[in-house]
Each structure stands twice: as C-alpha cells, then as structure tokens.
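*Asks:* For reference, this is model_30.cif, and it has mmCIF, C-alpha atoms.
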```
data_work
loop_
_atom_site.label_atom_id
_atom_site.label_comp_id
_atom_site.auth_asym_id
_atom_site.auth_seq_id
_atom_site.Cartn_x
_atom_site.Cartn_y
_atom_site.Cartn_z
CA MET A 892 -43.88 -3.04 26.25
CA GLU A 893 -40.98 -2.75 23.83
CA THR A 894 -40.55 0.27 21.57
CA LEU A 895 -37.95 1.47 19.10
CA MET A 896 -36.05 4.69 19.72
CA LYS A 897 -33.46 6.50 17.66
CA PRO A 898 -29.98 6.60 19.26
CA ALA A 899 -30.13 10.39 19.47
CA GLU A 900 -33.56 10.26 21.14
CA TYR A 901 -32.42 7.58 23.57
CA ALA A 902 -29.32 9.61 24.45
CA LYS A 903 -31.44 12.70 24.99
CA THR A 904 -33.86 10.79 27.23
CA LEU A 905 -31.09 9.45 29.46
CA GLY A 906 -29.03 12.64 29.30
CA ILE A 907 -25.91 10.96 27.87
CA SER A 908 -24.00 11.42 24.64
CA ARG A 909 -24.67 9.52 21.44
CA GLN A 910 -21.11 8.14 21.63
CA ALA A 911 -22.01 6.52 24.94
CA VAL A 912 -25.12 4.98 23.38
CA TYR A 913 -23.14 3.49 20.47
CA ALA A 914 -20.55 2.19 22.92
CA LYS A 915 -23.31 0.40 24.88
CA ILE A 916 -24.57 -1.14 21.63
CA LYS A 917 -21.07 -2.31 20.79
CA LYS A 918 -20.62 -3.88 24.21
CA GLY A 919 -24.02 -5.60 24.01
CA ILE A 920 -25.50 -3.61 26.87
CA LEU A 921 -28.21 -2.21 24.58
CA THR A 922 -30.17 -4.13 21.97
CA ALA A 923 -30.25 -2.50 18.56
CA ARG A 924 -32.30 -3.32 15.48
CA GLU A 925 -32.01 -2.08 11.92
CA VAL A 926 -35.28 -1.06 10.29
CA GLU A 927 -35.31 0.13 6.67
CA GLY A 928 -31.62 0.88 6.80
CA LYS A 929 -31.81 2.88 10.05
CA LEU A 930 -30.59 1.84 13.49
CA TYR A 931 -33.01 1.85 16.43
CA ILE A 932 -32.65 0.99 20.10
CA VAL A 933 -35.04 -1.66 21.44
CA VAL A 934 -36.21 -0.43 24.86
CA ASP A 935 -38.77 -1.35 27.45
CA ASN A 936 -40.99 1.60 28.34
CA GLU A 937 -41.04 0.54 31.97
CA THR A 938 -37.24 0.48 32.28
CA VAL A 939 -36.36 3.69 30.45
CA GLU A 940 -35.81 6.40 33.00
CA PRO A 941 -36.10 10.11 32.17
CA ALA A 942 -33.01 12.23 31.93
CA PRO A 943 -31.55 13.45 35.21
CA GLN A 944 -32.84 16.83 36.27
CA GLY A 945 -29.44 18.33 35.71
CA SER A 946 -29.04 16.95 32.13
CA PRO A 947 -29.47 19.15 29.03
CA ALA A 948 -32.44 17.02 27.87
CA ALA A 949 -34.37 17.64 31.06
CA ALA A 950 -33.41 21.27 31.15
CA GLN A 951 -35.17 21.87 27.84
CA ASN A 952 -38.53 20.63 29.16
CA ARG A 953 -38.31 21.91 32.76
CA PRO A 954 -39.98 25.23 33.45
CA ALA A 955 -37.70 27.90 34.76
CA ALA A 956 -37.61 27.93 38.55
CA PRO A 957 -36.44 30.75 40.71
CA SER A 958 -32.88 30.29 41.75
CA SER A 959 -32.40 29.57 45.40
CA PRO A 960 -29.00 29.41 47.02
CA LYS A 961 -30.49 27.19 49.68
CA SER A 962 -31.67 24.52 47.19
CA LYS A 963 -30.62 21.09 48.39
CA ALA A 964 -31.19 19.39 44.97
CA LEU A 965 -28.46 21.36 43.24
CA PRO A 966 -25.49 19.22 44.37
CA GLU A 967 -27.34 16.06 43.35
CA GLU A 968 -28.09 17.48 39.93
CA TYR A 969 -24.45 18.35 39.44
CA ARG A 970 -23.45 14.88 40.54
CA LYS A 971 -25.72 13.21 37.99
CA LEU A 972 -24.59 15.57 35.25
CA LEU A 973 -20.93 14.89 36.03
CA ALA A 974 -21.63 11.15 36.08
CA ALA A 975 -23.04 11.37 32.53
CA LYS A 976 -20.02 13.40 31.42
CA ASP A 977 -17.65 10.91 33.03
CA GLU A 978 -19.31 8.08 31.14
CA THR A 979 -18.87 9.98 27.87
CA ILE A 980 -15.22 10.66 28.67
CA ALA A 981 -14.68 6.98 29.48
CA VAL A 982 -16.18 5.98 26.13
CA LEU A 983 -13.94 8.46 24.32
CA LYS A 984 -10.89 7.12 26.15
CA GLU A 985 -11.77 3.57 25.06
CA THR A 986 -12.15 4.77 21.49
CA VAL A 987 -8.73 6.46 21.64
CA GLU A 988 -7.16 3.28 23.01
CA ASP A 989 -8.75 1.25 20.21
CA LEU A 990 -7.34 3.67 17.65
CA LYS A 991 -3.89 3.46 19.23
CA GLU A 992 -4.00 -0.33 19.12
CA SER A 993 -5.10 -0.25 15.47
CA ASN A 994 -2.22 2.11 14.66
CA ARG A 995 0.23 -0.20 16.43
CA GLN A 996 -1.03 -3.17 14.43
CA ILE A 997 -0.79 -1.23 11.17
CA SER A 998 2.74 -0.07 12.02
CA THR A 999 3.78 -3.64 12.85
CA THR A 1000 2.30 -4.94 9.60
CA LEU A 1001 3.98 -2.24 7.54
CA LYS A 1002 7.34 -2.87 9.21
CA GLY A 1003 7.02 -6.57 8.42
CA GLU A 1004 6.20 -5.82 4.78
CA ILE A 1005 9.16 -3.43 4.50
CA ASP A 1006 11.53 -6.00 6.00
CA LEU A 1007 10.19 -8.61 3.58
CA LEU A 1008 10.76 -6.29 0.61
CA LYS A 1009 14.29 -5.54 1.78
CA SER A 1010 15.04 -9.24 2.07
CA ALA A 1011 13.58 -9.94 -1.39
CA PHE A 1012 15.57 -7.07 -2.90
CA SER A 1013 18.78 -8.36 -1.33
CA GLU A 1014 18.15 -11.86 -2.72
CA MET A 1015 17.36 -10.48 -6.19
CA ARG A 1016 20.52 -8.38 -6.16
CA SER A 1017 22.58 -11.44 -5.23
CA LEU A 1018 20.99 -13.46 -8.02
CA TYR A 1019 21.58 -10.73 -10.60
CA GLN A 1020 25.17 -10.28 -9.44
CA HIS A 1021 25.74 -13.99 -9.81
CA ARG A 1022 24.14 -13.95 -13.25
CA ILE A 1023 26.25 -10.99 -14.36
CA GLU A 1024 29.43 -12.77 -13.31
CA GLN A 1025 28.23 -15.87 -15.15
CA LEU A 1026 27.58 -13.87 -18.33
CA LYS A 1027 31.02 -12.29 -18.12
CA ALA A 1028 32.51 -15.76 -17.92
CA GLU A 1029 30.43 -16.94 -20.92
CA GLU A 1030 31.07 -13.91 -23.17
CA PRO A 1031 34.37 -15.12 -24.61
CA ALA A 1032 32.68 -18.33 -25.73
CA CYS A 1033 30.01 -16.44 -27.67
CA GLY A 1034 31.96 -16.35 -30.94
CA GLU A 1035 34.43 -19.09 -30.16
CA GLU A 1036 33.98 -20.98 -33.42
CA GLU A 1037 34.19 -17.77 -35.43
CA LEU A 1038 37.33 -16.69 -33.58
CA ILE A 1039 39.01 -20.04 -34.20
CA GLU A 1040 38.14 -19.83 -37.88
CA ALA A 1041 39.50 -16.27 -38.02
CA ASP A 1042 42.74 -17.36 -36.38
CA VAL A 1043 43.17 -20.11 -38.95
CA LYS A 1044 42.55 -17.75 -41.86
CA ALA A 1045 44.87 -15.11 -40.44
CA GLN A 1046 47.60 -17.73 -40.02
CA GLY A 1047 48.62 -16.89 -36.51
CA GLN A 1048 47.54 -13.22 -36.41
CA ALA A 1049 46.47 -11.85 -33.02
CA GLN A 1050 42.93 -12.65 -31.96
CA THR A 1051 40.54 -9.70 -32.29
CA LEU A 1052 39.10 -8.54 -28.98
CA ARG A 1053 35.33 -8.34 -28.87
CA GLU A 1054 32.91 -6.36 -26.74
CA TRP A 1055 29.40 -7.72 -26.94
CA ILE A 1056 26.71 -5.14 -26.31
CA GLY A 1057 22.91 -5.12 -26.53
CA ALA A 1058 20.75 -3.47 -29.17
CA LYS A 1059 19.76 -0.57 -26.91
CA ARG A 1060 23.35 0.42 -26.22
CA PHE A 1061 24.19 -0.01 -29.90
CA PHE A 1062 21.39 2.41 -30.83
CA ARG A 1063 22.67 4.95 -28.30
CA GLU A 1064 26.22 4.74 -29.60
CA GLN A 1065 24.99 5.16 -33.18
CA ARG A 1066 22.79 8.08 -32.04
CA ILE A 1067 19.63 6.46 -33.35
CA VAL A 1068 16.57 7.72 -31.47
CA ASN A 1069 13.75 7.29 -33.99
CA GLU A 1070 11.72 4.19 -33.17
CA LYS A 1071 11.05 3.32 -36.80
CA GLU A 1072 14.75 3.54 -37.59
CA LYS A 1073 15.48 1.31 -34.60
CA GLU A 1074 13.01 -1.33 -35.81
CA LYS A 1075 14.42 -1.20 -39.34
CA LEU A 1076 18.02 -1.56 -38.17
CA LEU A 1077 17.12 -4.35 -35.73
CA LYS A 1078 15.60 -6.35 -38.61
CA LYS A 1079 18.83 -5.90 -40.59
CA LEU A 1080 20.90 -7.07 -37.63
CA LYS A 1081 18.76 -10.18 -37.17
CA LYS A 1082 19.01 -11.03 -40.87
CA ALA A 1083 22.77 -10.57 -40.73
CA TYR A 1084 22.97 -12.90 -37.74
CA LYS A 1085 20.97 -15.57 -39.57
CA ARG A 1086 23.35 -15.26 -42.53
CA GLY A 1087 26.22 -16.08 -40.18
CA ASP A 1088 27.62 -12.57 -39.69
CA THR A 1089 30.37 -13.08 -37.07
CA ARG A 1090 29.87 -9.54 -35.79
CA LEU A 1091 26.69 -10.79 -34.13
CA CYS A 1092 25.87 -13.53 -31.67
CA LYS A 1093 23.24 -14.49 -29.13
CA ILE A 1094 23.63 -14.73 -25.36
CA ASP A 1095 20.75 -16.23 -23.39
CA GLY A 1096 18.55 -15.83 -26.44
CA LYS A 1097 19.32 -12.10 -26.81
CA LEU A 1098 21.05 -10.61 -29.83
CA LYS A 1099 24.49 -9.18 -29.03
CA ILE A 1100 26.61 -6.90 -31.23
CA ASP A 1101 30.41 -6.63 -31.36
CA ALA A 1102 31.06 -2.98 -30.48
CA ALA A 1103 34.60 -3.16 -31.90
CA GLN A 1104 33.36 -3.76 -35.44
CA GLY A 1105 31.95 -1.36 -38.03
CA TYR A 1106 28.41 -1.52 -39.37
CA ALA A 1107 28.40 1.00 -42.19
CA ASP A 1108 26.90 -1.61 -44.51
CA LEU A 1109 23.89 -2.04 -42.23
CA LEU A 1110 23.50 1.63 -41.36
CA GLU A 1111 23.00 2.70 -44.95
#
```
Do you think you could lay out the structure here as structure tokens?

*Replies:*
Amino acid sequence: METLMKPAEYAKTLGISRQAVYAKIKKGILTAREVEGKLYIVVDNETVEPAPQGSPAAAQNRPAAPSSPKSKALPEEYRKLLAAKDETIAVLKETVEDLKESNRQISTTLKGEIDLLKSAFSEMRSLYQHRIEQLKAEEPACGEEELIEADVKAQGQAQTLREWIGAKRFFREQRIVNEKEKEKLLKKLKKAYKRGDTRLCKIDGKLKIDAAQGYADLLE
C-alpha cells in the first residue's frame, strides 16, 4: 500500500539526511508528489525499512540498554551509521561539483560578454575617430560662400580664420550657467543664423558658432 511521507520523516525513518533524500528525488530514485503546495515522498509500506539501529532516528525510540563491551552488534551499527554518513557526504560532494560547474559556466559567459563589449567599444572608437577626422576636413567648407563673399568685399584682404564650436562650449566660454539664459541665448543664435549671420553655420544639422567673432549684440 502506498503512503505519502514528508522528506524529513522519510529521512528520519531511513536514518539518512534530508539532503540525501532530495538528491534521490532529483535522480529519480524516489517518487515525489506535491500536495497543496507541499512535497511528499510516495512510498510503499512494505518496502520502507526502519532506520538502522545505530542511526539517530532509531536511537530516539530504542530503550536504553546496558552497555556491554562484549556486544557483537556494535561494529555492525557503526558500519550502518557510517554508510549513511558516507551517502550524505557523497550527495554534498555532488552538490559542490554542480556549483563549481555553474560557476565555471557563469565565468565563461561573463568573459564572453566582456570581450564582446571590448570589441564593440573598439569599433565605436574607430568610427568616432573616422567621423572626427571627416568633420575636421569639412569644417573649412562650412562658411565657404560667406568667406568668398568676404574676400571679394575686402578686395584681397587676408581670409579670416574661423574656429567653429558648439553651443555648450560657447556657453562655457561666455560663463553662462543659468539654464534659462542658455535657452534665451540659443534662440537668439538660431534667429541670427536664419537671418544669414555669417558668424553661425550648421555642421551635420548642429548649430556651430565662430569662436573668433564677437557676440556682444546677442549677449545683451
């Protein structure tokens, strides 16, 4: 006849540890069933043997007997007790090996992710470096038409050198830290660009400012 036993009760009956019971369930040696959210061992009453006489479970229910140095059962009891302990130790060793393998897999995965990130970072750096060099090559062409017109009006005067900078750097150089002031000045710069102010241009869709020019009229 089949009955359901708690893992702790089953371990106590056989005189083994609960870890050994769970290991047997994992290996399929024992049949387990979940009832109302709790795990039970499915056992046959005829096949379940009581705990060895030397196990802690049996010791709790065995009446105290007078010690006898001539007892012949003592070595056998020790043998059974040691066998149960050896099984528990073996289960613990398997658990440790499983943990080591899991750690090795995690370490391998992390190393692969780190190598992938390094490779991606290297590629991004190469792309940005290439783009920076491209922008440097395009900068002189930013105000080419304006420069040509200025040369014509100046009748051969030397061409003015320009240094195109972004709005953030311009704000730092002008010591503007207030966000509202930044927004107000940025609107003025955009309006000036739309009016054709040659002190401003756009590179890759971003507003650029000639750092060599003065902007007292816009800073008022």

*Asks:* Using the chain letters and numbers from this file, what does the PyMOL selection byres ((chain A and resi 977-989) around 7) select? Give the answer as an MDAnalysis selection string.

*Replies:* chainID A and resid 908 910:911 914 973:976 990:993

*Asks:* In Å, how far is it from CA of Asp1095 (chain A) to CA of Gln1025 (chain A)?

*Replies:* 11.1 Å

*Asks:* CA of Tyr1019 (chain A) and CA of Ile1067 (chain A), how far apart in Å?

*Replies:*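 Separation between CA of Ile1067 (chain A) and CA of Tyr1019 (chain A): 28.6 Å.
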
*Asks:* Kindly give the distance, in Å, that separates CA of Ile916 (chain A) and CA of Glu900 (chain A), rounded to a single decimal.

*Replies:*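 It comes out at 14.5 Å.
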
*Asks:* Name the residues in contact with Val933 (chain A) at a cut-off of 8 Å, using only C-alpha atoms, excluding same-chain residues fewer than 3 positions from it; report them as a list of chain:residue names.

*Replies:* A:Glu893, A:Thr894, A:Leu895, A:Met896, A:Leu921, A:Thr922, A:Ala923, A:Arg924

*Asks:* Rank A:Ile932, A:Ala1102, A:Arg1086, A:Gly1003 by their smallest atom-to-atom distance to Gly919 (chain A), using all atoms listed in the file, and report the top residue only.

*Replies:*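 Smallest distance to Gly919 (chain A) is found for A:Ile932.
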
*Asks:* Translate the PyMOL selection byres ((chain A and resi 1073) around 12), as applied to the file shown, into an explicit residue set as a short mmCIF file (atom, residue, chain, number, x, y, z; two decimals) with C-alpha atoms, in the frame of the given file.

*Replies:*
```
data_model
loop_
_atom_site.label_atom_id
_atom_site.label_comp_id
_atom_site.auth_asym_id
_atom_site.auth_seq_id
_atom_site.Cartn_x
_atom_site.Cartn_y
_atom_site.Cartn_z
CA ALA A 1058 20.75 -3.47 -29.17
CA LYS A 1059 19.76 -0.57 -26.91
CA ARG A 1060 23.35 0.42 -26.22
CA PHE A 1061 24.19 -0.01 -29.90
CA PHE A 1062 21.39 2.41 -30.83
CA ARG A 1063 22.67 4.95 -28.30
CA GLN A 1065 24.99 5.16 -33.18
CA ARG A 1066 22.79 8.08 -32.04
CA ILE A 1067 19.63 6.46 -33.35
CA VAL A 1068 16.57 7.72 -31.47
CA ASN A 1069 13.75 7.29 -33.99
CA GLU A 1070 11.72 4.19 -33.17
CA LYS A 1071 11.05 3.32 -36.80
CA GLU A 1072 14.75 3.54 -37.59
CA GLU A 1074 13.01 -1.33 -35.81
CA LYS A 1075 14.42 -1.20 -39.34
CA LEU A 1076 18.02 -1.56 -38.17
CA LEU A 1077 17.12 -4.35 -35.73
CA LYS A 1078 15.60 -6.35 -38.61
CA LYS A 1079 18.83 -5.90 -40.59
CA LEU A 1080 20.90 -7.07 -37.63
CA LEU A 1109 23.89 -2.04 -42.23
CA LEU A 1110 23.50 1.63 -41.36
#
```

*Asks:* Excluding Tyr901 (chain A) and residues on its chain fewer than 5 positions from it, collect all residues at most 9 Å away from it, counting all atoms listed in the file, and give them as a list in words.

*Replies:*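 Listing them by chain and then by number gives Met896, Gly906, Ile907, Arg909, Val912, Ile932, Val934 and Val939 of chain A.
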
*Asks:* Could the residues in this selection be written to a file with C-alpha atoms, as a PDB file, keeping the file's coordinate frame?

*Replies:*
```pdb
ATOM      1  CA  MET A 896     -36.050   4.690  19.720  1.00  0.00           C
ATOM      2  CA  GLY A 906     -29.030  12.640  29.300  1.00  0.00           C
ATOM      3  CA  ILE A 907     -25.910  10.960  27.870  1.00  0.00           C
ATOM      4  CA  ARG A 909     -24.670   9.520  21.440  1.00  0.00           C
ATOM      5  CA  VAL A 912     -25.120   4.980  23.380  1.00  0.00           C
ATOM      6  CA  ILE A 932     -32.650   0.990  20.100  1.00  0.00           C
ATOM      7  CA  VAL A 934     -36.210  -0.430  24.860  1.00  0.00           C
ATOM      8  CA  VAL A 939     -36.360   3.690  30.450  1.00  0.00           C
TER       9      VAL A 939
END
```

*Asks:* If you apply the PyMOL selection byres ((chain A and resi 1090) around 8) to this file, what residues do you get, as an NGL selection string?

*Replies:* :A and (1084 or 1088-1089 or 1091-1092 or 1100-1101 or 1104)

*Asks:* Just need the box for region 1057-1064 of chain A, edges along x, y and z, holding every atom the file lists for it with 6 Å tacked onto each side, so centre and edge lengths in Å to one decimal, as AutoDock Vina command-line options.

*Replies:*
```
--center_x 23.0 --center_y -0.1 --center_z -28.5 --size_x 18.5 --size_y 22.1 --size_z 16.6
```

*Asks:* Between A:Leu930, A:Glu1004, A:Tyr913, A:Gly1057, which one has atoms that come closest to Gly1096 (chain A), using all atoms listed in the file?

*Replies:*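 Smallest distance to Gly1096 (chain A) is found for A:Gly1057.
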